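For reference, final-v5.csv is printed below; it contains CSV, C-alpha atoms and all ligand atoms.
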chain,number,residue,atom,x,y,z
M,1,MET,CA,-6.5,88.0,10.2
M,2,LYS,CA,-3.6,86.1,11.9
M,3,GLY,CA,-2.8,83.9,8.9
M,4,LYS,CA,-1.8,84.7,5.3
M,5,LEU,CA,-3.5,84.1,2.0
M,6,ILE,CA,-1.1,83.4,-0.8
M,7,VAL,CA,-2.8,83.1,-4.2
M,8,PHE,CA,-1.5,81.6,-7.4
M,9,GLU,CA,-2.9,82.9,-10.7
M,10,GLY,CA,-2.2,82.4,-14.4
M,11,VAL,CA,-3.4,80.9,-17.7
M,12,GLU,CA,-4.1,77.2,-18.3
M,13,GLY,CA,-1.0,75.1,-17.7
M,14,ALA,CA,1.0,77.9,-16.2
M,15,GLY,CA,2.2,75.5,-13.5
M,16,LYS,CA,0.1,76.7,-10.5
M,17,THR,CA,-0.7,73.2,-9.2
M,18,THR,CA,3.0,72.1,-9.6
M,19,GLN,CA,4.4,75.2,-7.9
M,20,ILE,CA,1.8,75.2,-5.0
M,21,GLN,CA,3.0,71.7,-4.1
M,22,ARG,CA,6.7,72.8,-4.3
M,23,LEU,CA,6.0,75.9,-2.1
M,24,ARG,CA,4.1,73.7,0.4
M,25,HIS,CA,7.0,71.4,0.6
M,26,TRP,CA,9.5,74.3,1.0
M,27,LEU,CA,7.3,75.8,3.8
M,28,THR,CA,6.8,72.5,5.6
M,29,GLU,CA,10.0,70.6,5.1
M,30,GLY,CA,12.5,73.0,3.5
M,31,ALA,CA,14.2,76.2,4.5
M,32,GLY,CA,10.9,78.1,4.5
M,33,ARG,CA,9.9,76.2,7.6
M,34,ASP,CA,12.1,78.6,9.7
M,35,LEU,CA,10.3,81.6,8.4
M,36,ILE,CA,6.7,80.8,9.4
M,37,PRO,CA,5.2,80.4,12.9
M,38,ALA,CA,5.1,76.9,14.3
M,39,GLY,CA,1.8,75.3,15.5
M,40,GLY,CA,-1.8,76.1,14.5
M,41,PRO,CA,-3.2,74.7,11.3
M,42,GLY,CA,0.1,75.3,9.4
M,43,VAL,CA,0.2,75.3,5.7
M,44,VAL,CA,-3.1,74.5,3.9
M,45,VAL,CA,-3.6,74.0,0.1
M,46,THR,CA,-7.0,74.8,-1.5
M,47,ARG,CA,-8.4,75.9,-4.9
M,48,GLU,CA,-11.2,77.7,-6.7
M,49,PRO,CA,-13.5,76.5,-7.9
M,50,GLY,CA,-13.8,73.4,-5.6
M,51,GLY,CA,-12.4,74.3,-2.2
M,52,THR,CA,-15.5,73.1,-0.3
M,53,ALA,CA,-18.0,70.3,-0.6
M,54,LEU,CA,-20.5,72.7,-2.3
M,55,GLY,CA,-17.6,74.0,-4.4
M,56,THR,CA,-16.7,70.5,-5.6
M,57,LYS,CA,-20.3,70.2,-7.1
M,58,LEU,CA,-20.1,73.7,-8.6
M,59,ARG,CA,-16.7,72.9,-10.1
M,60,ARG,CA,-18.2,69.9,-11.9
M,61,LEU,CA,-21.0,72.0,-13.3
M,62,LEU,CA,-18.5,74.7,-14.4
M,63,LEU,CA,-16.0,72.5,-16.1
M,64,GLU,CA,-18.1,69.7,-17.6
M,65,VAL,CA,-19.4,70.1,-21.2
M,66,GLY,CA,-23.1,70.2,-20.4
M,67,GLU,CA,-26.2,69.6,-22.5
M,68,GLU,CA,-26.8,73.3,-23.2
M,69,PRO,CA,-24.3,76.1,-23.5
M,70,MET,CA,-23.8,77.9,-20.2
M,71,SER,CA,-24.6,81.7,-20.4
M,72,ASP,CA,-21.7,84.0,-19.4
M,73,ARG,CA,-23.7,85.5,-16.5
M,74,ALA,CA,-24.6,82.0,-15.2
M,75,GLU,CA,-20.9,81.1,-15.3
M,76,LEU,CA,-20.0,84.3,-13.4
M,77,LEU,CA,-22.6,83.7,-10.7
M,78,LEU,CA,-21.5,80.1,-10.2
M,79,TYR,CA,-17.8,81.2,-9.7
M,80,ALA,CA,-19.1,83.8,-7.3
M,81,ALA,CA,-21.2,81.2,-5.4
M,82,ASP,CA,-18.2,78.9,-5.1
M,83,ARG,CA,-16.1,81.8,-3.7
M,84,ALA,CA,-18.7,82.9,-1.2
M,85,GLN,CA,-18.8,79.4,0.2
M,86,HIS,CA,-15.0,79.0,0.2
M,87,VAL,CA,-14.4,82.4,1.9
M,88,GLU,CA,-17.0,82.0,4.6
M,89,GLY,CA,-16.7,78.3,5.3
M,90,PHE,CA,-13.1,77.6,4.7
M,91,LEU,CA,-10.7,80.5,4.2
M,92,ARG,CA,-11.8,82.9,7.0
M,93,PRO,CA,-11.9,80.3,9.8
M,94,LEU,CA,-8.5,79.0,8.8
M,95,LEU,CA,-6.9,82.4,8.5
M,96,ALA,CA,-8.4,83.4,11.8
M,97,GLU,CA,-6.5,80.4,13.3
M,98,GLY,CA,-3.3,81.5,11.7
M,99,ALA,CA,-3.0,79.2,8.7
M,100,ILE,CA,-0.7,79.9,5.7
M,101,VAL,CA,-3.2,79.2,2.9
M,102,LEU,CA,-1.9,78.5,-0.6
M,103,CYS,CA,-4.9,79.0,-2.9
M,104,ASP,CA,-5.0,78.0,-6.6
M,105,ARG,CA,-6.9,81.0,-8.2
M,106,PHE,CA,-9.1,83.7,-6.5
M,107,THR,CA,-10.7,87.0,-7.4
M,108,ASP,CA,-8.3,87.9,-10.2
M,109,SER,CA,-9.3,84.9,-12.2
M,110,THR,CA,-12.9,86.2,-12.4
M,111,VAL,CA,-11.6,89.6,-13.6
M,112,ALA,CA,-9.4,87.9,-16.2
M,113,TYR,CA,-11.7,85.1,-17.4
M,114,GLN,CA,-15.2,86.6,-17.0
M,115,GLY,CA,-14.1,90.2,-17.5
M,116,PHE,CA,-11.4,90.3,-20.1
M,117,GLY,CA,-12.2,86.8,-21.5
M,118,ARG,CA,-16.0,86.9,-21.7
M,119,GLY,CA,-16.3,90.6,-21.9
M,120,LEU,CA,-18.6,91.0,-18.8
M,121,ASP,CA,-18.8,94.4,-17.2
M,122,GLY,CA,-15.8,95.1,-14.8
M,123,GLU,CA,-17.9,97.0,-12.3
M,124,LEU,CA,-20.4,94.1,-12.0
M,125,ILE,CA,-17.5,91.7,-11.5
M,126,ALA,CA,-16.0,94.0,-8.8
M,127,GLN,CA,-19.3,94.1,-7.0
M,128,LEU,CA,-19.7,90.3,-7.1
M,129,ASN,CA,-16.1,89.8,-5.9
M,130,ALA,CA,-16.8,92.2,-3.0
M,131,ILE,CA,-20.0,90.3,-2.1
M,132,ALA,CA,-18.3,86.9,-2.4
M,133,THR,CA,-15.2,87.8,-0.4
M,134,ALA,CA,-16.8,90.2,2.1
M,135,GLY,CA,-13.6,92.2,1.8
M,136,LEU,CA,-11.0,89.3,2.0
M,137,THR,CA,-8.0,90.0,-0.2
M,138,SER,CA,-4.8,88.0,-0.8
M,139,ASP,CA,-1.7,89.0,1.1
M,140,VAL,CA,0.3,88.2,-2.0
M,141,THR,CA,-0.7,86.9,-5.4
M,142,LEU,CA,1.9,85.2,-7.6
M,143,LEU,CA,1.1,85.5,-11.3
M,144,LEU,CA,2.7,82.7,-13.2
M,145,ASP,CA,3.3,84.4,-16.5
M,146,LEU,CA,3.6,82.1,-19.5
M,147,PRO,CA,2.7,82.4,-23.2
M,148,VAL,CA,-0.8,81.0,-23.8
M,149,THR,CA,0.4,78.6,-26.5
M,150,VAL,CA,3.0,77.1,-24.2
M,151,GLY,CA,0.4,76.6,-21.4
M,152,LEU,CA,-2.2,75.1,-23.7
M,153,ALA,CA,0.3,72.7,-25.2
M,154,ARG,CA,1.1,71.5,-21.7
M,155,THR,CA,-2.5,70.9,-20.8
M,156,GLN,CA,-3.3,69.3,-24.2
M,157,ARG,CA,-0.8,66.5,-23.4
M,158,ARG,CA,-3.2,65.7,-20.5
M,159,GLY,CA,-6.0,64.5,-22.8
M,160,GLN,CA,-9.6,65.8,-23.3
M,161,ALA,CA,-10.1,69.6,-22.7
M,162,ASP,CA,-12.7,70.7,-20.1
M,163,ARG,CA,-15.4,73.3,-21.0
M,164,MET,CA,-13.1,76.3,-20.1
M,165,GLU,CA,-10.1,74.9,-21.9
M,166,GLN,CA,-12.2,74.4,-25.0
M,167,ALA,CA,-12.5,78.2,-25.5
M,168,ASN,CA,-10.5,79.5,-28.5
M,169,GLN,CA,-7.0,80.8,-28.3
M,170,ALA,CA,-8.2,84.5,-28.7
M,171,PHE,CA,-10.2,84.0,-25.4
M,172,HIS,CA,-7.1,82.7,-23.6
M,173,GLU,CA,-5.0,85.6,-25.0
M,174,ARG,CA,-7.5,88.1,-23.6
M,175,VAL,CA,-7.3,86.4,-20.2
M,176,GLN,CA,-3.6,86.6,-20.3
M,177,ALA,CA,-3.8,90.4,-21.1
M,178,GLY,CA,-6.2,90.7,-18.2
M,179,PHE,CA,-3.8,89.1,-15.8
M,180,ARG,CA,-0.9,91.3,-17.0
M,181,ALA,CA,-3.1,94.4,-16.6
M,182,LEU,CA,-4.0,93.4,-13.1
M,183,ALA,CA,-0.3,92.9,-12.1
M,184,ALA,CA,0.6,96.3,-13.5
M,185,ALA,CA,-2.3,97.9,-11.6
M,186,HIS,CA,-1.6,96.2,-8.3
M,187,PRO,CA,2.2,95.9,-7.9
M,188,GLU,CA,1.9,95.9,-4.0
M,189,ARG,CA,-0.2,92.8,-4.1
M,190,MET,CA,0.6,91.0,-7.3
M,191,VAL,CA,4.1,89.7,-8.3
M,192,ALA,CA,4.7,88.4,-11.9
M,193,ILE,CA,6.9,85.3,-12.0
M,194,ASP,CA,8.4,84.1,-15.3
M,195,ALA,CA,6.9,80.6,-15.6
M,196,GLY,CA,8.7,79.7,-18.8
M,197,GLY,CA,11.8,78.1,-17.0
M,198,SER,CA,12.1,74.6,-15.6
M,199,GLU,CA,10.0,73.6,-12.6
M,200,ALA,CA,13.0,74.1,-10.4
M,201,GLN,CA,13.9,77.5,-11.8
M,202,VAL,CA,10.3,78.8,-11.3
M,203,ALA,CA,10.3,77.3,-7.7
M,204,GLN,CA,13.5,79.2,-7.0
M,205,GLU,CA,12.1,82.5,-8.1
M,206,ILE,CA,8.9,81.9,-6.0
M,207,GLN,CA,11.1,81.1,-2.9
M,208,THR,CA,13.0,84.3,-3.4
M,209,VAL,CA,9.8,86.4,-3.5
M,210,MET,CA,8.3,84.5,-0.6
M,211,THR,CA,11.5,84.8,1.6
M,212,GLU,CA,11.2,88.6,1.2
M,213,ARG,CA,7.5,88.6,2.1
M,214,LEU,CA,7.8,86.2,5.0
M,215,CYS,CA,10.6,88.3,6.5
M,216,LEU,CA,8.3,91.3,6.3
M,217,TRP,CA,5.3,89.5,7.8
M,218,TYR,CA,7.2,87.6,10.6
M,219,PRO,CA,10.3,89.7,11.3
M,220,ALA,CA,10.8,88.2,14.7
M,221,LEU,CA,11.3,84.7,13.1
M,222,ALA,CA,13.5,86.0,10.3
M,223,PHE,CA,16.0,87.6,12.6
M,224,ARG,CA,16.3,84.6,15.0
M,225,PRO,CA,19.9,83.4,15.1
M,226,SER,CA,18.7,79.9,14.1
M,227,ALA,CA,16.7,81.0,11.0
M,228,SER,CA,18.5,79.5,8.0
M,229,PRO,CA,17.7,81.9,5.0
M,230,LYS,CA,18.8,85.4,5.7
M,231,PRO,CA,16.3,88.2,4.9
M,232,LEU,CA,17.0,89.9,1.6
M,233,SER,CA,18.3,93.4,1.9
M,301,LIG,N1,-12.0,80.1,-13.6
M,301,LIG,C1,-12.7,81.2,-14.1
M,301,LIG,O1,-13.0,81.3,-15.3
M,301,LIG,N2,-13.1,82.1,-13.2
M,301,LIG,C2,-12.8,82.1,-11.9
M,301,LIG,O2,-13.2,83.0,-11.1
M,301,LIG,C3,-12.0,81.0,-11.4
M,301,LIG,C4,-11.6,80.0,-12.3
M,301,LIG,C5,-11.7,80.9,-10.0
M,301,LIG,C6,-10.3,76.0,-13.4
M,301,LIG,O3,-9.8,74.9,-14.0
M,301,LIG,C7,-10.9,76.9,-14.5
M,301,LIG,O4,-11.8,77.8,-14.0
M,301,LIG,C8,-9.8,77.6,-15.3
M,301,LIG,C9,-10.1,79.1,-15.0
M,301,LIG,C10,-11.6,79.1,-14.6
M,301,LIG,N3,-10.0,77.3,-16.6
M,301,LIG,N4,-9.5,77.7,-17.6
M,301,LIG,N5,-9.3,77.7,-18.8
M,301,LIG,P1,-8.6,74.1,-13.4
M,301,LIG,O5,-8.4,74.4,-12.0
M,301,LIG,O6,-8.8,72.7,-13.9
M,301,LIG,O7,-7.5,74.7,-14.4
M,301,LIG,P2,-6.2,75.5,-14.1
M,301,LIG,O8,-6.4,76.3,-12.8
M,301,LIG,O9,-5.8,76.3,-15.3
M,301,LIG,O10,-5.2,74.4,-13.8
M,301,LIG,P3,-4.3,73.6,-14.8
M,301,LIG,O11,-4.8,73.6,-16.2
M,301,LIG,O12,-4.0,72.3,-14.2
M,301,LIG,O13,-2.9,74.4,-14.9
M,301,LIG,P4,-1.8,74.7,-13.8
M,301,LIG,O14,-2.3,74.2,-12.4
M,301,LIG,O15,-1.5,76.1,-13.9
M,301,LIG,O16,-0.6,73.8,-14.2
M,301,LIG,P5,0.0,72.4,-13.7
M,301,LIG,O17,-1.1,71.4,-13.5
M,301,LIG,O18,0.9,72.6,-12.6
M,301,LIG,O19,0.9,72.0,-14.9
M,301,LIG,C11,0.3,71.7,-16.2
M,301,LIG,C12,1.3,70.7,-16.9
M,301,LIG,O20,2.5,71.3,-17.2
M,301,LIG,C13,1.6,69.4,-16.1
M,301,LIG,O21,1.7,68.4,-16.9
M,301,LIG,C14,3.0,69.8,-15.5
M,301,LIG,O22,3.8,68.7,-15.2
M,301,LIG,C15,3.6,70.7,-16.6
M,301,LIG,N6,4.5,71.7,-16.0
M,301,LIG,C16,4.3,72.4,-14.9
M,301,LIG,N7,5.4,73.3,-14.8
M,301,LIG,C17,6.2,73.1,-15.8
M,301,LIG,C18,7.4,73.7,-16.2
M,301,LIG,N8,8.0,74.7,-15.5
M,301,LIG,N9,8.0,73.2,-17.4
M,301,LIG,C19,7.4,72.3,-18.1
M,301,LIG,N10,6.2,71.6,-17.8
M,301,LIG,C20,5.6,72.1,-16.6

Output the file's structure as structure tokens, nothing else.
Amino acid sequence: MKGKLIVFEGVEGAGKTTQIQRLRHWLTEGAGRDLIPAGGPGVVVTREPGGTALGTKLRRLLLEVGEEPMSDRAELLLYAADRAQHVEGFLRPLLAEGAIVLCDRFTDSTVAYQGFGRGLDGELIAQLNAIATAGLTSDVTLLLDLPVTVGLARTQRRGQADRMEQANQAFHERVQAGFRALAAAHPERMVAIDAGGSEAQVAQEIQTVMTERLCLWYPALAFRPSASPKPLS
């Protein structure tokens, strides 16, 4: 793949949407612009569930409070269907053209929410993730790490909770434990970011991590005399 897949993960209200917009701005109009290749599709923002037309319908089904309780396995399969469509119809073509894709949630959310949260079998989830992605993995995953209570308090200010947000706090604590376990198990791919600071502080930490990664991915750009941020030692 010519492009790069940068995934944001974390509990409800961790600030993923906010920080994706800030990173997009830094990569397109800020100092990060010097560190990515010019031309091609550039920087693209997407999310799971809901990154495609089919995914938008699946997202509605997954988040609305329906007439009957959704079974955990049905929920798992709907997230997998959303991902299969997203990977094949959106992510792979864009990455093949060289896009820098910023994706709000990916496979680790399924492990954390359906595995650690709902208690579904980890091996089953790994198999479904493998089917849905056909082997596509993130180039880096930024885990915005925030206490569950802080994140939920932020989202509650938004108004009515969706079906997933309505799960009890113990569920969200298990999800949080899942994300932390994943970050500990995959240090080469996942970087934990302290999401408890101000929006600007979190954005700064993300830019530091991304400067390091971009210099590794595109060394010819980083070492150009005109490149503004110097690579970290
Ligand atoms: N899910 C799943 O179960 N399995 C899967 O495989 C996948 C997903 C892919 C998607 O819902 C749900 O699907 C999600 C997981 C599940 N549900 N749960 N629970 P979503 O996309 O609607 O929910 P989300 O991904 O958690 O997004 P969110 O709730 O909008 O949170 P966020 O994007 O991380 O945060 P934000 O929107 O940037 O910020 C939230 C608020 O905090 C907002 O008012 C900001 O202005 C404020 N904020 C942001 N940063 C700060 C800082 N630093 N300080 C203070 N306030 C801040």

Could you list, with a cut-off of 8 Å and counting all atoms listed in the file, the residues of chain M near ligand LIG 301 (chain M), each shown with its nearest atom pair and the distance in Å rounded to one decimal, rows sorted by chain and ascending number, as CSV?
residue,atom,partner,partner_atom,distance
M:Glu9,CA,M:LIG301,O15,7.6
M:Gly10,CA,M:LIG301,O15,6.4
M:Val11,CA,M:LIG301,O9,5.7
M:Glu12,CA,M:LIG301,O9,3.6
M:Gly13,CA,M:LIG301,O13,3.5
M:Ala14,CA,M:LIG301,O15,3.8
M:Gly15,CA,M:LIG301,O18,3.3
M:Lys16,CA,M:LIG301,O15,3.8
M:Thr17,CA,M:LIG301,O14,3.7
M:Thr18,CA,M:LIG301,O18,3.7
M:Gln19,CA,M:LIG301,O18,6.4
M:Arg47,CA,M:LIG301,O5,7.3
M:Glu48,CA,M:LIG301,C5,4.6
M:Pro49,CA,M:LIG301,C5,5.2
M:Arg59,CA,M:LIG301,C6,7.8
M:Leu62,CA,M:LIG301,O4,7.4
M:Leu63,CA,M:LIG301,C7,6.9
M:Glu75,CA,M:LIG301,O1,7.9
M:Leu76,CA,M:LIG301,N2,7.2
M:Tyr79,CA,M:LIG301,O2,5.1
M:Ala80,CA,M:LIG301,O2,7.1
M:Arg83,CA,M:LIG301,C5,7.7
M:Asp104,CA,M:LIG301,O8,6.6
M:Arg105,CA,M:LIG301,C5,5.1
M:Phe106,CA,M:LIG301,C5,5.2
M:Thr107,CA,M:LIG301,O2,6.0
M:Asp108,CA,M:LIG301,O2,7.0
M:Ser109,CA,M:LIG301,O2,4.5
M:Thr110,CA,M:LIG301,O2,3.5
M:Val111,CA,M:LIG301,O2,7.2
M:Ala112,CA,M:LIG301,N2,7.5
M:Tyr113,CA,M:LIG301,O1,4.5
M:Gln114,CA,M:LIG301,O1,6.0
M:Leu144,CA,M:LIG301,O15,7.9
M:Gly151,CA,M:LIG301,O20,7.1
M:Arg154,CA,M:LIG301,O20,4.7
M:Thr155,CA,M:LIG301,C11,5.4
M:Arg157,CA,M:LIG301,O21,7.2
M:Arg158,CA,M:LIG301,O21,6.7
M:Asp162,CA,M:LIG301,O6,7.6
M:Arg163,CA,M:LIG301,N5,7.8
M:Met164,CA,M:LIG301,N5,4.3
M:Glu165,CA,M:LIG301,N5,4.3
M:Gln166,CA,M:LIG301,N5,7.6
M:Ala167,CA,M:LIG301,N5,7.4
M:His172,CA,M:LIG301,N5,7.3
M:Ala195,CA,M:LIG301,N8,6.0
M:Gly196,CA,M:LIG301,N8,6.0
M:Gly197,CA,M:LIG301,N8,5.3
M:Ser198,CA,M:LIG301,N8,4.1
M:Glu199,CA,M:LIG301,N8,3.7
M:Ala200,CA,M:LIG301,N8,7.2
M:Gln201,CA,M:LIG301,N8,7.5
M:Val202,CA,M:LIG301,N8,6.3

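Between CA of Phe8 (chain M) and CA of Leu91 (chain M) the separation is 14.8 Å.
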
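Near Gln169 (chain M), within 8 Å and counting only C-alpha atoms, sit Val148, Thr149 and Glu173 of chain M, not including residues fewer than 4 positions from it in the same chain.
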
List the neighbours of Gly40 (chain M) out to 12 Å using all atoms listed in the file; skip same-chain residues closer than 6 positions along the sequence, and give me the result as number ranges by chain.
M: 2-3, 93-100

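Taking CA of Phe223 (chain M) and CA of Val7 (chain M) as endpoints, the distance between them is 25.6 Å.
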
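The two atoms in question, CA of Ile206 (chain M) and CA of Ile193 (chain M), are spaced 7.2 Å apart.
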
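Each of M:His25, M:Arg118, M:His186, M:Arg174 was compared to Val45 (chain M) using only C-alpha atoms, and M:His25 turns out to be the nearest.
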
Between M:Val101, M:Val140, M:Ala53, M:Ala222, which is the closest to Met210 (chain M) once you count all atoms listed in the file?
M:Val140

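Using only C-alpha atoms, the smallest distance between any of M:Gln85, M:Thr46, M:Thr28, M:Thr56 and Ala134 (chain M) comes from M:Gln85.
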
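With all atoms listed in the file as the atoms that count, the minimum distance from Leu5 (chain M) to the choices M:Leu102, M:Ala220, M:Val175, M:Leu128 is reached by M:Leu102.
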
Option closest in space to Pro187 (chain M), from M:Leu142, M:Thr211, M:Glu67, M:Ala203 [counting only C-alpha atoms]:
M:Leu142

Name the closest residue to Asp34 (chain M) among the candidates M:Arg213, M:Arg224, M:His86, M:Arg73; distances are taken between atoms, counting all atoms listed in the file.
M:Arg224
